[in-house]
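Asks: Handing over start10.txt, compact mmCIF, C-alpha atoms.
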```txt
# COMPACT_ATOMS: atom_id res chain seq x y z
CA MET K 23 120.43 98.05 -62.96
CA PRO K 24 118.64 98.09 -66.34
CA LEU K 25 116.79 94.94 -67.23
CA GLU K 26 118.67 92.51 -69.45
CA ALA K 27 117.31 91.42 -72.79
CA PRO K 28 114.61 88.78 -72.20
CA ALA K 29 116.11 86.30 -74.69
CA GLN K 30 119.47 86.15 -72.88
CA PHE K 31 117.77 85.80 -69.52
CA ASP K 32 115.84 82.80 -70.80
CA VAL K 33 119.03 81.07 -71.91
CA MET K 34 120.61 81.55 -68.49
CA LEU K 35 117.47 80.23 -66.87
CA LEU K 36 117.50 77.22 -69.15
CA ILE K 37 121.12 76.45 -68.23
CA ASP K 38 120.27 76.85 -64.55
CA VAL K 39 117.35 74.44 -64.81
CA LEU K 40 119.44 71.96 -66.81
CA LEU K 41 122.32 72.04 -64.33
CA LEU K 42 120.00 71.72 -61.33
CA THR K 43 118.24 68.78 -62.99
CA PHE K 44 121.59 67.09 -63.58
CA LEU K 45 122.52 67.78 -59.94
CA LEU K 46 119.28 66.17 -58.77
CA VAL K 47 119.79 63.13 -61.00
CA THR K 48 123.39 62.67 -59.78
CA ALA K 49 122.30 63.03 -56.16
CA MET K 50 119.60 60.40 -56.66
CA ALA K 51 122.13 58.13 -58.36
CA ILE K 52 124.52 58.48 -55.41
CA VAL K 53 121.72 57.60 -52.98
CA THR K 54 120.70 54.46 -54.85
CA MET K 55 124.18 53.13 -55.67
CA ARG K 56 125.98 50.61 -53.46
CA HIS K 57 129.32 50.28 -55.28
CA LEU K 58 131.63 52.71 -53.48
CA PHE K 59 133.96 53.31 -56.43
CA SER K 60 131.03 54.43 -58.60
CA ILE K 61 129.74 56.60 -55.77
CA VAL K 62 133.10 58.39 -55.47
CA MET K 63 133.20 58.97 -59.22
CA VAL K 64 129.62 60.25 -59.39
CA SER K 65 130.19 62.58 -56.43
CA GLY K 66 133.15 63.99 -58.36
CA ALA K 67 130.77 64.65 -61.25
CA TYR K 68 128.35 66.22 -58.77
CA SER K 69 131.07 68.66 -57.64
CA LEU K 70 131.92 69.53 -61.23
CA LEU K 71 128.24 70.23 -61.97
CA SER K 72 128.04 72.43 -58.86
CA ALA K 73 131.10 74.30 -60.10
CA ALA K 74 129.40 74.89 -63.46
CA PHE K 75 126.31 76.10 -61.58
CA PHE K 76 128.44 78.56 -59.55
CA VAL K 77 129.96 79.91 -62.78
CA ASN K 78 126.45 80.54 -64.02
CA LEU K 79 125.77 82.49 -60.83
CA ASP K 80 128.90 84.62 -61.52
CA ALA K 81 130.67 83.21 -58.44
CA VAL K 82 133.84 82.24 -60.33
CA ASP K 83 136.12 82.11 -57.29
CA VAL K 84 133.78 79.70 -55.53
CA ALA K 85 133.39 77.67 -58.71
CA PHE K 86 137.16 77.46 -59.06
CA THR K 87 137.54 76.17 -55.51
CA GLU K 88 134.70 73.68 -55.93
CA ALA K 89 136.21 72.31 -59.13
CA ALA K 90 139.71 72.01 -57.63
CA VAL K 91 138.78 70.76 -54.16
CA GLY K 92 135.45 69.01 -54.65
CA ALA K 93 135.96 67.40 -58.03
CA GLY K 94 139.76 67.03 -57.86
CA ILE K 95 141.35 66.45 -54.48
CA SER K 96 138.33 65.02 -52.64
CA THR K 97 137.83 62.37 -55.30
CA VAL K 98 141.46 61.26 -55.06
CA LEU K 99 141.40 61.23 -51.26
CA PHE K 100 138.12 59.29 -51.25
CA LEU K 101 139.71 56.75 -53.60
CA GLY K 102 142.71 56.53 -51.27
CA ALA K 103 140.42 55.94 -48.30
CA LEU K 104 138.35 53.49 -50.35
CA MET K 105 141.42 51.32 -50.88
CA LEU K 106 141.62 50.84 -47.10
CA THR K 107 138.06 49.60 -46.74
CA ALA K 108 135.44 47.46 -48.49
CA ARG K 109 134.37 48.00 -52.09
CA THR K 110 130.60 47.96 -51.59
CA GLU K 111 128.31 49.53 -49.08
CA LYS K 112 126.43 47.16 -46.76
CA LEU K 113 122.65 47.19 -46.93
CA PRO K 114 121.19 48.63 -43.75
CA LYS K 115 119.55 45.98 -41.58
CA GLY K 116 116.00 46.11 -40.24
CA ARG K 117 115.17 49.40 -41.84
CA GLN K 118 112.01 51.31 -41.18
CA PRO K 119 111.70 53.52 -44.28
CA LEU K 120 108.68 55.45 -43.03
CA VAL K 121 110.33 57.32 -40.15
CA PRO K 122 113.40 58.59 -42.11
CA LEU K 123 111.13 59.46 -45.04
CA LEU K 124 108.92 61.52 -42.74
CA VAL K 125 111.94 63.33 -41.25
CA VAL K 126 113.31 64.08 -44.71
CA MET K 127 109.95 65.32 -46.02
CA VAL K 128 109.39 67.63 -43.04
CA THR K 129 112.95 69.02 -43.27
CA GLY K 130 112.64 69.51 -47.02
CA ALA K 131 109.27 71.24 -46.64
CA ALA K 132 110.75 73.57 -44.00
CA LEU K 133 113.69 74.40 -46.29
CA ILE K 134 111.43 75.10 -49.27
CA TYR K 135 109.14 77.21 -47.02
CA SER K 136 112.15 79.26 -45.90
CA THR K 137 113.19 80.01 -49.49
CA TRP K 138 110.05 82.16 -49.91
CA ASP K 139 111.64 84.73 -47.60
CA MET K 140 114.90 84.80 -49.55
CA PRO K 141 115.61 87.75 -51.87
CA ASN K 142 115.51 87.11 -55.61
CA PHE K 143 118.76 86.31 -57.41
CA GLY K 144 120.60 89.56 -58.23
CA ASP K 145 118.26 91.68 -56.11
CA PRO K 146 120.24 94.86 -55.33
CA ASN K 147 118.30 95.27 -52.08
CA ALA K 148 119.31 91.84 -50.78
CA PRO K 149 121.11 92.00 -47.42
CA ALA K 150 124.22 90.45 -48.98
CA HIS K 151 124.52 93.41 -51.35
CA GLN K 152 124.10 96.03 -48.64
CA TYR K 153 126.18 96.97 -45.60
CA VAL K 154 129.74 95.64 -45.41
CA GLY K 155 129.75 93.96 -48.83
CA MET K 156 129.14 97.22 -50.69
CA ASP K 157 131.66 98.89 -48.38
CA TYR K 158 134.37 96.53 -49.62
CA MET K 159 133.32 97.14 -53.23
CA ASP K 160 133.55 100.92 -52.74
CA ARG K 161 136.79 101.00 -50.79
CA THR K 162 138.89 98.38 -52.59
CA PRO K 163 139.85 100.59 -55.59
CA ASP K 164 140.97 103.38 -53.24
CA GLU K 165 142.63 101.36 -50.52
CA ILE K 166 143.96 98.16 -52.09
CA GLY K 167 144.01 98.88 -55.82
CA VAL K 168 143.51 95.32 -57.08
CA PRO K 169 140.73 94.55 -59.58
CA ASN K 170 139.64 91.30 -57.90
CA VAL K 171 137.73 92.35 -54.80
CA VAL K 172 137.55 88.73 -53.60
CA THR K 173 141.34 88.65 -53.35
CA ALA K 174 141.41 92.05 -51.65
CA VAL K 175 138.94 90.91 -49.00
CA LEU K 176 140.55 87.50 -48.57
CA ALA K 177 144.19 88.53 -48.40
CA SER K 178 144.09 92.06 -47.07
CA TYR K 179 140.89 93.09 -45.28
CA ARG K 180 140.36 89.66 -43.76
CA GLY K 181 144.03 88.70 -43.57
CA TYR K 182 143.64 87.45 -40.01
CA ASP K 183 140.93 85.01 -41.05
CA THR K 184 142.96 83.73 -43.98
CA LEU K 185 145.98 83.24 -41.71
CA GLY K 186 143.69 81.26 -39.44
CA GLU K 187 142.49 79.15 -42.38
CA VAL K 188 146.05 78.38 -43.43
CA VAL K 189 146.89 77.36 -39.87
CA VAL K 190 143.81 75.09 -39.88
CA ILE K 191 144.99 73.41 -43.10
CA PHE K 192 148.48 73.07 -41.63
CA ILE K 193 147.07 71.46 -38.47
CA ALA K 194 144.92 69.12 -40.58
CA GLY K 195 148.06 67.99 -42.42
CA LEU K 196 149.88 67.56 -39.09
CA GLY K 197 146.97 65.51 -37.77
CA VAL K 198 147.06 63.15 -40.74
CA LEU K 199 150.85 62.85 -40.39
CA VAL K 200 150.57 62.01 -36.69
CA ILE K 201 147.76 59.46 -37.15
CA LEU K 202 148.65 57.80 -40.46
CA GLY K 203 152.33 58.67 -40.82
CA LEU K 204 154.28 58.25 -44.02
CA ALA K 205 155.17 54.58 -43.60
CA SER K 206 155.19 52.78 -46.93
CA ALA K 207 152.76 49.99 -47.76
CA VAL K 208 155.54 47.42 -47.37
CA ALA K 209 156.14 48.45 -43.77
CA VAL K 210 152.45 48.64 -42.88
CA ASN K 211 151.29 45.34 -44.35
CA GLY K 212 154.49 43.69 -45.40
CA SER K 213 153.21 40.17 -46.10
CA ARG K 214 150.48 41.41 -48.42
CA ALA K 215 152.86 43.72 -50.21
CA ASN K 216 155.22 40.82 -50.92
CA GLU K 217 152.46 38.81 -52.53
CA GLU K 218 151.68 41.65 -54.85
CA GLU K 219 155.07 41.58 -56.52
CA GLY K 220 154.10 39.82 -59.71
CA PRO K 221 155.25 40.26 -63.28
CA MET I 6 150.62 50.19 -64.05
CA ASN I 7 153.53 49.49 -66.38
CA HIS I 8 151.29 48.48 -69.27
CA HIS I 9 149.17 51.65 -69.24
CA ILE I 10 151.16 53.37 -71.94
CA VAL I 11 148.39 55.83 -72.87
CA LEU I 12 148.06 56.97 -69.26
CA ARG I 13 151.82 57.34 -68.92
CA VAL I 14 152.23 59.37 -72.09
CA VAL I 15 149.22 61.58 -71.38
CA THR I 16 150.42 62.20 -67.83
CA LYS I 17 153.85 63.25 -69.03
CA ILE I 18 152.22 65.70 -71.42
CA LEU I 19 149.75 67.01 -68.81
CA VAL I 20 152.01 67.59 -65.81
CA PRO I 21 153.92 70.67 -67.09
CA PRO I 22 150.78 72.60 -68.19
CA ILE I 23 149.13 71.80 -64.84
CA LEU I 24 152.13 73.22 -62.96
CA LEU I 25 152.20 76.27 -65.24
CA PHE I 26 148.47 76.84 -64.77
CA ALA I 27 148.92 76.58 -60.99
CA LEU I 28 151.59 79.29 -61.12
CA TYR I 29 149.31 81.46 -63.28
CA VAL I 30 146.43 81.06 -60.82
CA GLN I 31 148.84 81.76 -57.96
CA PHE I 32 150.33 85.00 -59.23
CA HIS I 33 147.36 86.32 -61.19
CA ALA I 34 144.98 86.31 -58.21
CA ASP I 35 144.90 90.12 -58.00
CA PHE I 36 143.43 90.36 -61.47
CA GLY I 37 141.37 87.25 -62.02
CA PRO I 38 139.70 84.49 -60.09
CA GLY I 39 142.01 82.28 -58.11
CA GLY I 40 144.52 82.59 -55.31
CA GLY I 41 146.72 80.57 -53.05
CA PHE I 42 144.13 77.98 -52.08
CA GLN I 43 143.20 77.01 -55.63
CA ALA I 44 146.75 77.33 -56.94
CA GLY I 45 148.12 75.16 -54.15
CA ILE I 46 145.64 72.43 -54.92
CA ILE I 47 146.27 72.53 -58.67
CA PHE I 48 150.02 72.42 -57.99
CA ALA I 49 149.54 69.40 -55.73
CA VAL I 50 147.31 67.72 -58.30
CA ALA I 51 150.23 67.58 -60.75
CA PHE I 52 152.26 65.56 -58.21
CA ILE I 53 149.27 63.41 -57.29
CA LEU I 54 148.56 62.60 -60.94
CA TYR I 55 152.21 61.68 -61.38
CA GLY I 56 152.06 59.51 -58.27
CA LEU I 57 148.87 57.78 -59.39
CA VAL I 58 150.30 56.80 -62.75
CA PHE I 59 154.00 56.24 -62.04
CA GLY I 60 153.67 54.93 -58.49
CA LEU I 61 154.14 56.40 -55.06
CA ASP I 62 157.90 55.81 -54.95
CA SER I 63 158.51 57.85 -58.10
CA ALA I 64 156.35 60.67 -56.71
CA LYS I 65 158.33 60.56 -53.46
CA ARG I 66 161.56 60.90 -55.43
CA VAL I 67 160.19 64.03 -57.16
CA ALA I 68 158.73 65.50 -53.98
CA PRO I 69 160.75 64.13 -51.04
CA PRO I 70 158.41 63.89 -48.00
CA ASP I 71 161.03 65.45 -45.72
CA ILE I 72 161.07 68.62 -47.82
CA VAL I 73 157.29 68.67 -48.32
CA LYS I 74 156.79 68.36 -44.55
CA ARG I 75 158.96 71.42 -43.98
CA LEU I 76 157.15 73.35 -46.73
CA MET I 77 153.87 72.79 -44.85
CA ALA I 78 155.21 74.91 -42.02
CA ALA I 79 157.14 77.28 -44.30
CA GLY I 80 153.94 78.63 -45.88
CA VAL I 81 152.41 79.45 -42.50
CA ILE I 82 155.67 81.07 -41.37
CA LEU I 83 155.80 83.14 -44.58
CA PHE I 84 152.25 84.38 -44.03
CA ALA I 85 152.73 85.16 -40.34
CA GLY I 86 156.17 86.59 -41.14
CA VAL I 87 154.61 89.28 -43.34
CA GLY I 88 152.45 90.19 -40.37
CA LEU I 89 155.48 90.43 -38.10
CA VAL I 90 157.36 92.57 -40.65
CA THR I 91 154.48 95.03 -40.81
CA LEU I 92 154.43 95.06 -37.00
CA PHE I 93 158.13 95.92 -36.85
CA LEU I 94 157.64 98.62 -39.49
CA GLY I 95 155.30 100.32 -37.05
CA GLU I 96 151.90 99.38 -38.50
CA ASN I 97 149.24 96.90 -37.49
CA PHE I 98 149.65 93.15 -37.95
CA LEU I 99 149.16 92.36 -41.69
CA ASP I 100 148.72 96.02 -42.64
CA TYR I 101 150.56 95.81 -45.96
CA ASP I 102 150.68 99.57 -46.48
CA ALA I 103 153.78 99.52 -44.27
CA LEU I 104 155.69 97.40 -46.81
CA HIS I 105 156.27 100.16 -49.37
CA PRO I 106 156.20 103.95 -49.04
CA ASP I 107 154.32 104.41 -52.34
CA THR I 108 150.79 104.45 -50.94
CA GLU I 109 149.60 106.29 -54.07
CA HIS I 110 149.75 103.10 -56.14
CA HIS I 111 149.19 100.72 -53.20
CA LEU I 112 152.46 98.94 -53.91
CA GLY I 113 152.66 97.74 -50.32
CA GLN I 114 149.25 96.12 -50.67
CA HIS I 115 150.33 94.41 -53.91
CA TYR I 116 153.55 93.05 -52.38
CA GLY I 117 151.76 91.95 -49.23
CA ILE I 118 149.00 90.15 -51.11
CA ILE I 119 151.43 88.35 -53.41
CA VAL I 120 153.66 87.13 -50.56
CA VAL I 121 150.74 86.15 -48.38
CA GLU I 122 149.04 84.25 -51.21
CA LEU I 123 152.35 82.51 -51.90
CA GLY I 124 152.41 81.39 -48.27
CA VAL I 125 148.87 80.06 -48.62
CA GLY I 126 149.77 78.26 -51.84
CA ILE I 127 152.90 76.63 -50.40
CA THR I 128 151.07 75.32 -47.32
CA VAL I 129 148.03 74.08 -49.25
CA ALA I 130 150.13 72.33 -51.90
CA ALA I 131 152.40 70.72 -49.31
CA VAL I 132 149.50 69.55 -47.13
CA MET I 133 147.66 68.07 -50.13
CA ILE I 134 150.77 66.19 -51.29
CA ILE I 135 151.35 64.92 -47.74
CA LEU I 136 147.70 63.81 -47.48
CA PHE I 137 148.08 61.86 -50.71
CA PHE I 138 151.35 60.29 -49.53
CA ALA I 139 149.79 59.36 -46.19
CA PHE I 140 146.70 57.74 -47.70
CA ALA I 141 148.34 56.13 -50.71
CA GLY I 142 151.27 54.89 -48.60
CA ARG I 143 148.97 52.62 -46.64
CA THR I 144 147.52 50.94 -49.69
CA VAL I 145 149.17 48.02 -51.38
CA GLU I 146 149.42 48.24 -55.13
CA ILE I 147 146.01 47.97 -56.74
CA HIS I 148 145.37 45.47 -59.48
CA ASP I 149 143.06 46.39 -62.29
CA GLU I 150 140.54 43.69 -61.41
CA ASP I 151 140.24 45.07 -57.86
CA TRP I 152 138.31 48.05 -59.15
```
Just give me the structure as structure tokens.
Replies:
Amino acid sequence: MPLEAPAQFDVMLLIDVLLLTFLLVTAMAIVTMRHLFSIVMVSGAYSLLSAAFFVNLDAVDVAFTEAAVGAGISTVLFLGALMLTARTEKLPKGRQPLVPLLVVMVTGAALIYSTWDMPNFGDPNAPAHQYVGMDYMDRTPDEIGVPNVVTAVLASYRGYDTLGEVVVIFIAGLGVLVILGLASAVAVNGSRANEEEGP
Amino acid sequence: MNHHIVLRVVTKILVPPILLFALYVQFHADFGPGGGFQAGIIFAVAFILYGLVFGLDSAKRVAPPDIVKRLMAAGVILFAGVGLVTLFLGENFLDYDALHPDTEHHLGQHYGIIVVELGVGITVAAVMIILFFAFAGRTVEIHDEDW
């Protein structure tokens, strides 16, 4: 791969740094907030920022999923669950901040230490770009004939796995149906529902 | 939410493009980013948005839970059914080349991928709508000051 023009690279880097900074700020905001509705909303924003970050890394399929699932559906489901519980998070009692802080610092240091062994972004010699991944890239035009290799891998080469995923989603839906059911609010908490009928 | 006229009007304008975009993502997955998972969720989001603004009962009239429940299973059956068809045509399970004799242009692969992705999309959309119904159905109507 020829090197890209330095100016363009700098812009991408700037966007990366900006997005990661925003992600950090949102994460810190989520940690410090106690109002659950705000937390759900900010975590939706966090997902959307992650999606933008994935687009910048050229992982559009992942970004698409993150935007639809993380920012869209999860937020709505969290709100639905939020309606069944309290509105604010309780303060933890008798907390010892030193021990958790130590655990977090050690874990974070280990994670940062492990990133030194990771290949650089876009490194053609990275393990992810060798072996089976390149095999799919080479064979898809000859064997499947669709331009989007992600779809070819997902639907054709790894069709078994995708079938398994769909079955998992189906079972998750069944589980929710069995546990929660589709009873209406009136049937579940009838007296409260009657009070709500105002003008 | 009867007094939220802006929300109601905007929702009515937004729902058709959301459904259309879901269909685009669904059937354009060979050529661009997307596929059954994303399309199913976007499709479900249109119903969820409608349900959030116009109430759960209106959403249940548009998407009757009895039908949505069956669609959950229908998607899985469609996916697995393609596998069975390829088995009966004498190839391996989910080997789409068996679906069409024109292996030059990989038509079998194209048909297989489209049908399989449709199965994924139907199941994902149905499960998401059911999840919303199940969670929202347990909540009494929310007043604005409760937020």
Asks: Output the contact residues of chain K with respect to chain I at a cut-off of 9 Å, based on all atoms listed in the file, as a ChimeraX atom specification.
Replies: /K:59,82-84,86-87,90-91,94-95,98-99,102-103,105-106,109,164-174,177-179,181-182,184-185,187-189,191-192,194-196,198-199,202-211,214-215,218-219
Asks: Grab the atom CA of Asp183 of chain K to atom CA of Thr91 of chain I distance for me, in Å with one decimal place.
Replies: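 Value for the atom CA of Asp183 of chain K-atom CA of Thr91 of chain I distance: 16.9 Å.
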Asks: Rounded to one decimal place, report the atom CA of Thr137 of chain K-atom CA of Leu42 of chain K distance in Å.
Replies: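 We find that atom CA of Thr137 of chain K and atom CA of Leu42 of chain K lie 16.0 Å from each other.
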Asks: Please report the interatomic distance between atom CA of Leu89 of chain I and atom CA of Val200 of chain K in Å with one decimal.
Replies: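 Straight-line distance from atom CA of Leu89 of chain I to atom CA of Val200 of chain K works out to 28.9 Å.
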Asks: Once N, CA and C atoms are restored for segment 60-72 of chain K, what would the output be as a PDB file, keeping the file's coordinate frame?
Replies:
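As written to disk, rebuild.pdb reads:
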```
ATOM      1  N   SER K  60     131.933  53.628 -57.754  1.00  0.00           N
ATOM      2  CA  SER K  60     131.030  54.430 -58.600  1.00  0.00           C
ATOM      3  C   SER K  60     130.536  55.648 -57.841  1.00  0.00           C
ATOM      4  N   ILE K  61     130.258  55.470 -56.543  1.00  0.00           N
ATOM      5  CA  ILE K  61     129.740  56.600 -55.770  1.00  0.00           C
ATOM      6  C   ILE K  61     130.765  57.731 -55.731  1.00  0.00           C
ATOM      7  N   VAL K  62     132.053  57.358 -55.512  1.00  0.00           N
ATOM      8  CA  VAL K  62     133.100  58.390 -55.470  1.00  0.00           C
ATOM      9  C   VAL K  62     133.173  59.115 -56.808  1.00  0.00           C
ATOM     10  N   MET K  63     133.108  58.353 -57.899  1.00  0.00           N
ATOM     11  CA  MET K  63     133.200  58.970 -59.220  1.00  0.00           C
ATOM     12  C   MET K  63     132.018  59.897 -59.479  1.00  0.00           C
ATOM     13  N   VAL K  64     130.807  59.433 -59.129  1.00  0.00           N
ATOM     14  CA  VAL K  64     129.620  60.250 -59.390  1.00  0.00           C
ATOM     15  C   VAL K  64     129.624  61.489 -58.492  1.00  0.00           C
ATOM     16  N   SER K  65     130.152  61.365 -57.254  1.00  0.00           N
ATOM     17  CA  SER K  65     130.190  62.580 -56.430  1.00  0.00           C
ATOM     18  C   SER K  65     131.200  63.573 -56.987  1.00  0.00           C
ATOM     19  N   GLY K  66     132.253  63.074 -57.652  1.00  0.00           N
ATOM     20  CA  GLY K  66     133.150  63.990 -58.360  1.00  0.00           C
ATOM     21  C   GLY K  66     132.404  64.744 -59.450  1.00  0.00           C
ATOM     22  N   ALA K  67     131.573  64.001 -60.200  1.00  0.00           N
ATOM     23  CA  ALA K  67     130.770  64.650 -61.250  1.00  0.00           C
ATOM     24  C   ALA K  67     129.803  65.645 -60.636  1.00  0.00           C
ATOM     25  N   TYR K  68     129.262  65.300 -59.464  1.00  0.00           N
ATOM     26  CA  TYR K  68     128.350  66.220 -58.770  1.00  0.00           C
ATOM     27  C   TYR K  68     129.059  67.533 -58.464  1.00  0.00           C
ATOM     28  N   SER K  69     130.313  67.440 -57.965  1.00  0.00           N
ATOM     29  CA  SER K  69     131.070  68.660 -57.640  1.00  0.00           C
ATOM     30  C   SER K  69     131.311  69.487 -58.896  1.00  0.00           C
ATOM     31  N   LEU K  70     131.645  68.800 -59.985  1.00  0.00           N
ATOM     32  CA  LEU K  70     131.920  69.530 -61.230  1.00  0.00           C
ATOM     33  C   LEU K  70     130.665  70.256 -61.717  1.00  0.00           C
ATOM     34  N   LEU K  71     129.502  69.583 -61.590  1.00  0.00           N
ATOM     35  CA  LEU K  71     128.240  70.230 -61.970  1.00  0.00           C
ATOM     36  C   LEU K  71     127.963  71.431 -61.065  1.00  0.00           C
ATOM     37  N   SER K  72     128.236  71.280 -59.754  1.00  0.00           N
ATOM     38  CA  SER K  72     128.040  72.430 -58.860  1.00  0.00           C
ATOM     39  C   SER K  72     128.932  73.575 -59.284  1.00  0.00           C
TER      40      SER K  72
END
```
